[in-house]
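Novice: Pasting a structure below so you can have a look.
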Amino acid sequence: MKLLSDLIRAVGKNEAPVRDVRVGITWTGVWGKRCGLGRTYASPATAHCTIRDFGQLTEKTTLELAEYAKSWHLVEAGIGVAAINSMIKPKGKRNINALDLIIEEGKNKKVTMVGAFPRTSELRAVAKEFWLLELDPYLVNPEAGILPATAAEHKIPKSDLVVITGSALVNKSLEHLLELSRDAYTIVLGPSTPMSEVLFDYGADLLAGVDVIKPAEIMKKISQSGGMVSPKNCKGEIEFLVMEK
């Protein structure tokens, strides 16, 4: 878990008291000085598992919660990643939809995407080859180019462009996926993505995350299970960010 340790070390100076923690069906939010997001990986198997110190999370600091990112209880890990993101001062170009950049960059190239994102049909139409790797076995459909996550070892090293969901940090696969992508142009994408130069040290070329502009509104929507967090359905409350190596 060297990547997680390096991220936590890099943000430690921005430690703050935790104002609020919300765990929604899709997203988790931690609000300290800033608000950070992480993917919620809940399942029937975790429904009966107890979150460490639940009910007392707002008595901790963001740095203490960041250590949860190392947990194999993935709901806890989502809290930890959100806490890490809450300690990163957002920077980069604003209001750029990284999917536009990905579609342009993917023209006539071999592209592997880890995790489903919108507009994959557009990317598939311009790419020389396109593969989508899915963690959910029920979504796998080889005829449609949707392969199980285990295909990463076979497809990523042969790709020119690799797009990885930032949520891979929660389930501990991001560090290895970046290793596999070392010969490709690699983009880490989504609200879980830490906008930190640390990821560049591990092989990322472009980071595409978010800046939460209005934490109270976003935390409320998370707790009401609002689904995808994006500028489209959270207008004026969140902004896309893009940062290149």
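Each chain in the structure tokens gets a letter, A, B and so on, in the order shown; residues start at 1 in every chain, and ligands are counted from 1 in the order they appear.
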Within 9 Å of region 21-34 of chain A, counting only C-alpha atoms, which residues qualify if same-chain residues fewer than 6 places away don't, as a PDB file with C-alpha atoms, in the first residue's frame?

Specialist:
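Result file follows (selection-v7.pdb):
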```
ATOM      1  CA  ASN A  14      -3.478  19.815   5.931  1.00  0.00           C
ATOM      2  CA  GLU A  15      -4.999  17.823   8.778  1.00  0.00           C
ATOM      3  CA  THR A  40     -18.838   3.669  -1.674  1.00  0.00           C
ATOM      4  CA  TYR A  41     -18.267  -0.047  -2.262  1.00  0.00           C
ATOM      5  CA  ALA A  42     -21.182  -1.450  -0.284  1.00  0.00           C
ATOM      6  CA  LEU A  57     -16.111   9.775  13.191  1.00  0.00           C
ATOM      7  CA  THR A  58     -16.694  13.513  13.636  1.00  0.00           C
ATOM      8  CA  THR A  61      -9.289  14.450  12.389  1.00  0.00           C
ATOM      9  CA  THR A  62      -9.147  14.041   8.627  1.00  0.00           C
ATOM     10  CA  LEU A  65      -9.768   9.032   8.933  1.00  0.00           C
ATOM     11  CA  VAL A  75     -16.820   1.050   3.055  1.00  0.00           C
ATOM     12  CA  GLY A  78     -14.096   4.859   0.888  1.00  0.00           C
ATOM     13  CA  ILE A  79     -14.198   7.040   3.994  1.00  0.00           C
ATOM     14  CA  GLY A  80     -10.396   7.049   4.043  1.00  0.00           C
ATOM     15  CA  VAL A  81     -10.061   8.072   0.392  1.00  0.00           C
ATOM     16  CA  ALA A  82     -12.631  10.836   0.891  1.00  0.00           C
ATOM     17  CA  ALA A  83     -10.624  12.041   3.889  1.00  0.00           C
ATOM     18  CA  ILE A  84      -7.423  12.090   1.805  1.00  0.00           C
ATOM     19  CA  ASN A  85      -9.183  14.127  -0.866  1.00  0.00           C
ATOM     20  CA  SER A  86     -10.514  16.548   1.751  1.00  0.00           C
ATOM     21  CA  MET A  87      -6.902  17.492   2.572  1.00  0.00           C
ATOM     22  CA  ILE A  88      -5.835  18.251  -1.011  1.00  0.00           C
ATOM     23  CA  LYS A  89      -6.079  21.856  -2.136  1.00  0.00           C
ATOM     24  CA  PRO A 191     -14.582  12.044  -8.141  1.00  0.00           C
ATOM     25  CA  SER A 192     -12.431   9.656  -6.059  1.00  0.00           C
ATOM     26  CA  VAL A 212     -16.472  20.498  -4.192  1.00  0.00           C
ATOM     27  CA  ILE A 213     -17.512  24.164  -4.171  1.00  0.00           C
ATOM     28  CA  PRO A 215     -19.770  21.083   0.719  1.00  0.00           C
ATOM     29  CA  ALA A 216     -23.031  21.353   2.663  1.00  0.00           C
ATOM     30  CA  ILE A 218     -23.031  17.964  -1.753  1.00  0.00           C
ATOM     31  CA  MET A 219     -23.041  16.201   1.620  1.00  0.00           C
ATOM     32  CA  LYS A 220     -26.816  16.532   1.743  1.00  0.00           C
ATOM     33  CA  LYS A 221     -27.167  14.991  -1.716  1.00  0.00           C
ATOM     34  CA  ILE A 222     -24.814  12.136  -0.804  1.00  0.00           C
ATOM     35  CA  SER A 223     -26.886  11.308   2.275  1.00  0.00           C
ATOM     36  CA  GLN A 224     -30.030  11.360   0.141  1.00  0.00           C
ATOM     37  CA  SER A 225     -28.402   8.894  -2.303  1.00  0.00           C
ATOM     38  CA  GLY A 226     -28.429  11.305  -5.215  1.00  0.00           C
ATOM     39  CA  GLY A 227     -26.446   9.043  -7.543  1.00  0.00           C
ATOM     40  CA  MET A 228     -23.677  10.444  -9.710  1.00  0.00           C
ATOM     41  CA  VAL A 229     -21.934  13.550  -8.386  1.00  0.00           C
TER      42      VAL A 229
END
```

Novice: Quick one: everything within 9 Å of Arg182 (chain A), counting only C-alpha atoms, minus sequence neighbours fewer than 5 positions away in the same chain. Send it as a compact mmCIF listing (two decimals) with C-alpha atoms, in the first residue's frame.

Specialist:
```txt
# COMPACT_ATOMS: atom_id res chain seq x y z
CA PRO A 157 0.29 -3.54 -21.36
CA LEU A 177 -2.98 -0.80 -12.59
CA TYR A 202 3.38 6.30 -9.89
CA GLY A 203 2.88 6.67 -13.64
CA ALA A 204 -0.28 8.73 -14.17
```

Novice: Write out as a ChimeraX atom specification the set of residues from region 11-205 of chain A that DSSP, computed on the backbone, places in helix (DSSP H, G or I).

Specialist: /A:11-14,57-59,62-70,74-86,98-105,120-126,137-139,142-144,149-158,166-169,174-180,198-201

Novice: Applying 10 Å and only C-alpha atoms, which residues near region 96-98 of chain A remain after dropping the ones on its own chain fewer than 3 positions away? List them as a short mmCIF file (atom, residue, chain, number, x, y, z; two decimals) with N, CA and C atoms, in the first residue's frame.

Specialist:
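Result file part07.cif:
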```cif
data_model
loop_
_atom_site.label_atom_id
_atom_site.label_comp_id
_atom_site.auth_asym_id
_atom_site.auth_seq_id
_atom_site.Cartn_x
_atom_site.Cartn_y
_atom_site.Cartn_z
N GLY A 92 -5.51 22.88 -10.91
CA GLY A 92 -5.63 22.37 -12.26
C GLY A 92 -6.58 23.23 -13.07
N LYS A 93 -6.77 22.84 -14.31
CA LYS A 93 -7.69 23.57 -15.18
C LYS A 93 -9.13 23.18 -14.84
N LEU A 101 -11.39 15.07 -23.75
CA LEU A 101 -9.96 14.86 -23.98
C LEU A 101 -9.67 13.40 -24.30
N ILE A 102 -10.34 12.51 -23.59
CA ILE A 102 -10.12 11.07 -23.78
C ILE A 102 -10.54 10.63 -25.17
N ILE A 103 -11.67 11.11 -25.63
CA ILE A 103 -12.15 10.74 -26.96
C ILE A 103 -11.20 11.26 -28.04
N GLU A 104 -10.69 12.46 -27.85
CA GLU A 104 -9.73 13.02 -28.82
C GLU A 104 -8.41 12.24 -28.78
N ILE A 187 -4.65 8.02 -17.74
CA ILE A 187 -5.53 9.01 -17.13
C ILE A 187 -6.26 8.38 -15.95
N VAL A 188 -6.23 9.04 -14.81
CA VAL A 188 -7.02 8.61 -13.65
C VAL A 188 -8.20 9.57 -13.54
N LEU A 189 -9.40 9.00 -13.52
CA LEU A 189 -10.61 9.79 -13.75
C LEU A 189 -11.70 9.50 -12.71
N GLY A 190 -12.38 10.57 -12.29
CA GLY A 190 -13.56 10.40 -11.45
C GLY A 190 -13.45 11.12 -10.11
N LEU A 206 -2.28 12.16 -16.50
CA LEU A 206 -3.31 13.18 -16.36
C LEU A 206 -4.29 12.76 -15.28
N LEU A 207 -4.66 13.71 -14.42
CA LEU A 207 -5.63 13.47 -13.36
C LEU A 207 -6.88 14.27 -13.66
N ALA A 208 -8.03 13.65 -13.54
CA ALA A 208 -9.30 14.33 -13.79
C ALA A 208 -10.24 14.05 -12.62
N GLY A 209 -10.35 15.02 -11.73
CA GLY A 209 -11.18 14.86 -10.54
C GLY A 209 -12.17 15.99 -10.40
N PRO A 231 -21.06 18.11 -12.23
CA PRO A 231 -21.58 19.48 -12.43
C PRO A 231 -22.96 19.52 -13.05
N GLU A 239 -17.12 21.29 -9.43
CA GLU A 239 -16.49 21.61 -10.70
C GLU A 239 -15.51 20.50 -11.09
N PHE A 240 -15.42 20.22 -12.41
CA PHE A 240 -14.41 19.31 -12.90
C PHE A 240 -13.04 19.98 -12.83
N LEU A 241 -12.03 19.17 -12.56
CA LEU A 241 -10.63 19.64 -12.58
C LEU A 241 -9.79 18.69 -13.41
N VAL A 242 -8.84 19.24 -14.15
CA VAL A 242 -7.90 18.43 -14.92
C VAL A 242 -6.49 18.94 -14.64
#
```

Novice: Select, from A:Val114, A:Val170, A:Leu63, A:Phe130, the residue with the minimum atom-to-atom distance to Ala149 (chain A), counting only C-alpha atoms.

Specialist: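 Selected residue with least distance to Ala149 (chain A): A:Val114.
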
Novice: Could you give me, as a VMD selection string, the residues within 10 Å of Asp100 (chain A), counting only C-alpha atoms and dropping anything in the same chain fewer than 4 positions from it?

Specialist: chain A and resid 96 104 to 106 119 122 to 123

Novice: Using the selection just defined, write its residues with N, CA and C atoms as an mmCIF file, in the first residue's frame.

Specialist:
```cif
data_model
loop_
_atom_site.group_PDB
_atom_site.id
_atom_site.type_symbol
_atom_site.label_atom_id
_atom_site.label_comp_id
_atom_site.auth_asym_id
_atom_site.auth_seq_id
_atom_site.Cartn_x
_atom_site.Cartn_y
_atom_site.Cartn_z
ATOM 1 N N ILE A 96 -13.259 21.563 -17.480
ATOM 2 C CA ILE A 96 -12.912 20.795 -18.674
ATOM 3 C C ILE A 96 -13.415 19.379 -18.472
ATOM 4 N N GLU A 104 -10.687 12.463 -27.855
ATOM 5 C CA GLU A 104 -9.726 13.020 -28.818
ATOM 6 C C GLU A 104 -8.414 12.243 -28.779
ATOM 7 N N GLU A 105 -7.939 11.943 -27.585
ATOM 8 C CA GLU A 105 -6.671 11.228 -27.416
ATOM 9 C C GLU A 105 -6.768 9.783 -27.896
ATOM 10 N N GLY A 106 -7.971 9.219 -27.860
ATOM 11 C CA GLY A 106 -8.136 7.805 -28.183
ATOM 12 C C GLY A 106 -8.303 7.485 -29.656
ATOM 13 N N ARG A 119 -20.316 7.851 -22.287
ATOM 14 C CA ARG A 119 -19.807 8.131 -23.626
ATOM 15 C C ARG A 119 -18.809 7.081 -24.134
ATOM 16 N N GLU A 122 -18.880 6.533 -27.892
ATOM 17 C CA GLU A 122 -18.129 7.503 -28.693
ATOM 18 C C GLU A 122 -16.656 7.128 -28.752
ATOM 19 N N LEU A 123 -16.129 6.691 -27.625
ATOM 20 C CA LEU A 123 -14.726 6.291 -27.577
ATOM 21 C C LEU A 123 -14.499 5.028 -28.395
#
```

Novice: Quick one: residues within 10 Å of Lys60 (chain A), only C-alpha atoms counted, chain neighbours fewer than 5 positions away excluded, as a ChimeraX atom specification?

Specialist: /A:16-19,53,65

Novice: What does the distance between CA of Lys128 (chain A) and CA of Thr165 (chain A) come to in Å, to one decimal place?

Specialist: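 That distance, rounded to one decimal, is 21.2 Å.
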
Novice: As a list in words, which residues of region 52-198 of chain A does DSSP assign to strand (DSSP E)?

Specialist: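 Put together, the selection reads Lys93, Arg94, Lys110, Val111, Thr112, Met113, Val114, Glu129, Phe130, Trp131, Leu132, Leu133, Glu134, Ile146, Leu147, Pro148, Leu161, Val162, Val163, Ile164, Thr165, Tyr185, Thr186, Ile187, Val188 and Leu189 of chain A.
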
Novice: Those same residues, written as a PDB file, in the first residue's frame with N, CA and C atoms?

Specialist:
```
ATOM      1  N   LYS A  93      -6.774  22.842 -14.312  1.00  0.00           N
ATOM      2  CA  LYS A  93      -7.693  23.567 -15.184  1.00  0.00           C
ATOM      3  C   LYS A  93      -9.128  23.184 -14.837  1.00  0.00           C
ATOM      4  N   ARG A  94      -9.987  24.183 -14.809  1.00  0.00           N
ATOM      5  CA  ARG A  94     -11.357  23.966 -14.364  1.00  0.00           C
ATOM      6  C   ARG A  94     -12.337  23.865 -15.526  1.00  0.00           C
ATOM      7  N   LYS A 110      -5.206   1.943 -29.342  1.00  0.00           N
ATOM      8  CA  LYS A 110      -5.702   0.841 -28.524  1.00  0.00           C
ATOM      9  C   LYS A 110      -5.979   1.388 -27.127  1.00  0.00           C
ATOM     10  N   VAL A 111      -7.234   1.304 -26.725  1.00  0.00           N
ATOM     11  CA  VAL A 111      -7.674   1.944 -25.484  1.00  0.00           C
ATOM     12  C   VAL A 111      -8.257   0.903 -24.529  1.00  0.00           C
ATOM     13  N   THR A 112      -7.820   0.967 -23.284  1.00  0.00           N
ATOM     14  CA  THR A 112      -8.428   0.159 -22.229  1.00  0.00           C
ATOM     15  C   THR A 112      -8.952   1.090 -21.152  1.00  0.00           C
ATOM     16  N   MET A 113     -10.205   0.888 -20.771  1.00  0.00           N
ATOM     17  CA  MET A 113     -10.828   1.685 -19.713  1.00  0.00           C
ATOM     18  C   MET A 113     -11.164   0.773 -18.549  1.00  0.00           C
ATOM     19  N   VAL A 114     -10.719   1.144 -17.370  1.00  0.00           N
ATOM     20  CA  VAL A 114     -10.993   0.365 -16.158  1.00  0.00           C
ATOM     21  C   VAL A 114     -12.116   1.057 -15.397  1.00  0.00           C
ATOM     22  N   GLU A 129      -8.858  -0.111 -31.097  1.00  0.00           N
ATOM     23  CA  GLU A 129      -9.415  -1.194 -30.290  1.00  0.00           C
ATOM     24  C   GLU A 129      -9.883  -0.566 -28.981  1.00  0.00           C
ATOM     25  N   PHE A 130     -10.959  -1.095 -28.435  1.00  0.00           N
ATOM     26  CA  PHE A 130     -11.451  -0.568 -27.162  1.00  0.00           C
ATOM     27  C   PHE A 130     -11.905  -1.718 -26.281  1.00  0.00           C
ATOM     28  N   TRP A 131     -11.390  -1.708 -25.038  1.00  0.00           N
ATOM     29  CA  TRP A 131     -11.780  -2.723 -24.059  1.00  0.00           C
ATOM     30  C   TRP A 131     -12.191  -2.028 -22.773  1.00  0.00           C
ATOM     31  N   LEU A 132     -13.300  -2.466 -22.215  1.00  0.00           N
ATOM     32  CA  LEU A 132     -13.785  -1.970 -20.931  1.00  0.00           C
ATOM     33  C   LEU A 132     -13.655  -3.092 -19.910  1.00  0.00           C
ATOM     34  N   LEU A 133     -12.933  -2.831 -18.835  1.00  0.00           N
ATOM     35  CA  LEU A 133     -12.741  -3.845 -17.792  1.00  0.00           C
ATOM     36  C   LEU A 133     -13.697  -3.562 -16.637  1.00  0.00           C
ATOM     37  N   GLU A 134     -14.454  -4.571 -16.256  1.00  0.00           N
ATOM     38  CA  GLU A 134     -15.506  -4.403 -15.253  1.00  0.00           C
ATOM     39  C   GLU A 134     -15.289  -5.323 -14.059  1.00  0.00           C
ATOM     40  N   ILE A 146     -16.569  -5.898 -23.232  1.00  0.00           N
ATOM     41  CA  ILE A 146     -16.557  -5.701 -21.779  1.00  0.00           C
ATOM     42  C   ILE A 146     -16.007  -6.969 -21.135  1.00  0.00           C
ATOM     43  N   LEU A 147     -14.832  -6.839 -20.548  1.00  0.00           N
ATOM     44  CA  LEU A 147     -14.110  -7.989 -20.000  1.00  0.00           C
ATOM     45  C   LEU A 147     -14.021  -7.899 -18.481  1.00  0.00           C
ATOM     46  N   PRO A 148     -13.786  -9.039 -17.817  1.00  0.00           N
ATOM     47  CA  PRO A 148     -13.611  -8.991 -16.362  1.00  0.00           C
ATOM     48  C   PRO A 148     -12.333  -8.243 -15.992  1.00  0.00           C
ATOM     49  N   LEU A 161      -3.545   3.962 -24.701  1.00  0.00           N
ATOM     50  CA  LEU A 161      -4.229   4.864 -23.772  1.00  0.00           C
ATOM     51  C   LEU A 161      -4.971   4.029 -22.743  1.00  0.00           C
ATOM     52  N   VAL A 162      -4.753   4.346 -21.473  1.00  0.00           N
ATOM     53  CA  VAL A 162      -5.434   3.645 -20.384  1.00  0.00           C
ATOM     54  C   VAL A 162      -6.153   4.670 -19.523  1.00  0.00           C
ATOM     55  N   VAL A 163      -7.419   4.424 -19.283  1.00  0.00           N
ATOM     56  CA  VAL A 163      -8.237   5.280 -18.427  1.00  0.00           C
ATOM     57  C   VAL A 163      -8.663   4.463 -17.214  1.00  0.00           C
ATOM     58  N   ILE A 164      -8.307   4.925 -16.026  1.00  0.00           N
ATOM     59  CA  ILE A 164      -8.557   4.169 -14.799  1.00  0.00           C
ATOM     60  C   ILE A 164      -9.450   4.982 -13.875  1.00  0.00           C
ATOM     61  N   THR A 165     -10.493   4.354 -13.367  1.00  0.00           N
ATOM     62  CA  THR A 165     -11.328   5.031 -12.399  1.00  0.00           C
ATOM     63  C   THR A 165     -10.556   5.307 -11.114  1.00  0.00           C
ATOM     64  N   TYR A 185      -0.216   6.168 -22.255  1.00  0.00           N
ATOM     65  CA  TYR A 185      -0.660   7.444 -21.697  1.00  0.00           C
ATOM     66  C   TYR A 185      -1.809   7.111 -20.764  1.00  0.00           C
ATOM     67  N   THR A 186      -1.688   7.506 -19.495  1.00  0.00           N
ATOM     68  CA  THR A 186      -2.591   7.021 -18.461  1.00  0.00           C
ATOM     69  C   THR A 186      -3.342   8.161 -17.785  1.00  0.00           C
ATOM     70  N   ILE A 187      -4.650   8.018 -17.735  1.00  0.00           N
ATOM     71  CA  ILE A 187      -5.528   9.013 -17.128  1.00  0.00           C
ATOM     72  C   ILE A 187      -6.257   8.380 -15.953  1.00  0.00           C
ATOM     73  N   VAL A 188      -6.231   9.041 -14.806  1.00  0.00           N
ATOM     74  CA  VAL A 188      -7.021   8.615 -13.647  1.00  0.00           C
ATOM     75  C   VAL A 188      -8.201   9.568 -13.542  1.00  0.00           C
ATOM     76  N   LEU A 189      -9.402   9.002 -13.516  1.00  0.00           N
ATOM     77  CA  LEU A 189     -10.614   9.789 -13.746  1.00  0.00           C
ATOM     78  C   LEU A 189     -11.697   9.502 -12.712  1.00  0.00           C
TER      79      LEU A 189
END
```

Novice: Given only C-alpha atoms as the basis, pick out the residue of A:Leu169, A:Met243, A:Leu4, A:Leu178 nearest to Glu197 (chain A).

Specialist: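 Answer, going by the shortest atom-to-atom distance: A:Met243.
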
Novice: Distance CA of His154 (chain A)-CA of Leu180 (chain A), one decimal place?

Specialist: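 That distance, rounded to one decimal, is 9.4 Å.
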
Novice: Just the number, please: distance in Å from CA of Cys234 (chain A) to CA of Lys214 (chain A), one decimal.

Specialist: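 Value for the CA of Cys234 (chain A)-CA of Lys214 (chain A) distance: 9.5 Å.
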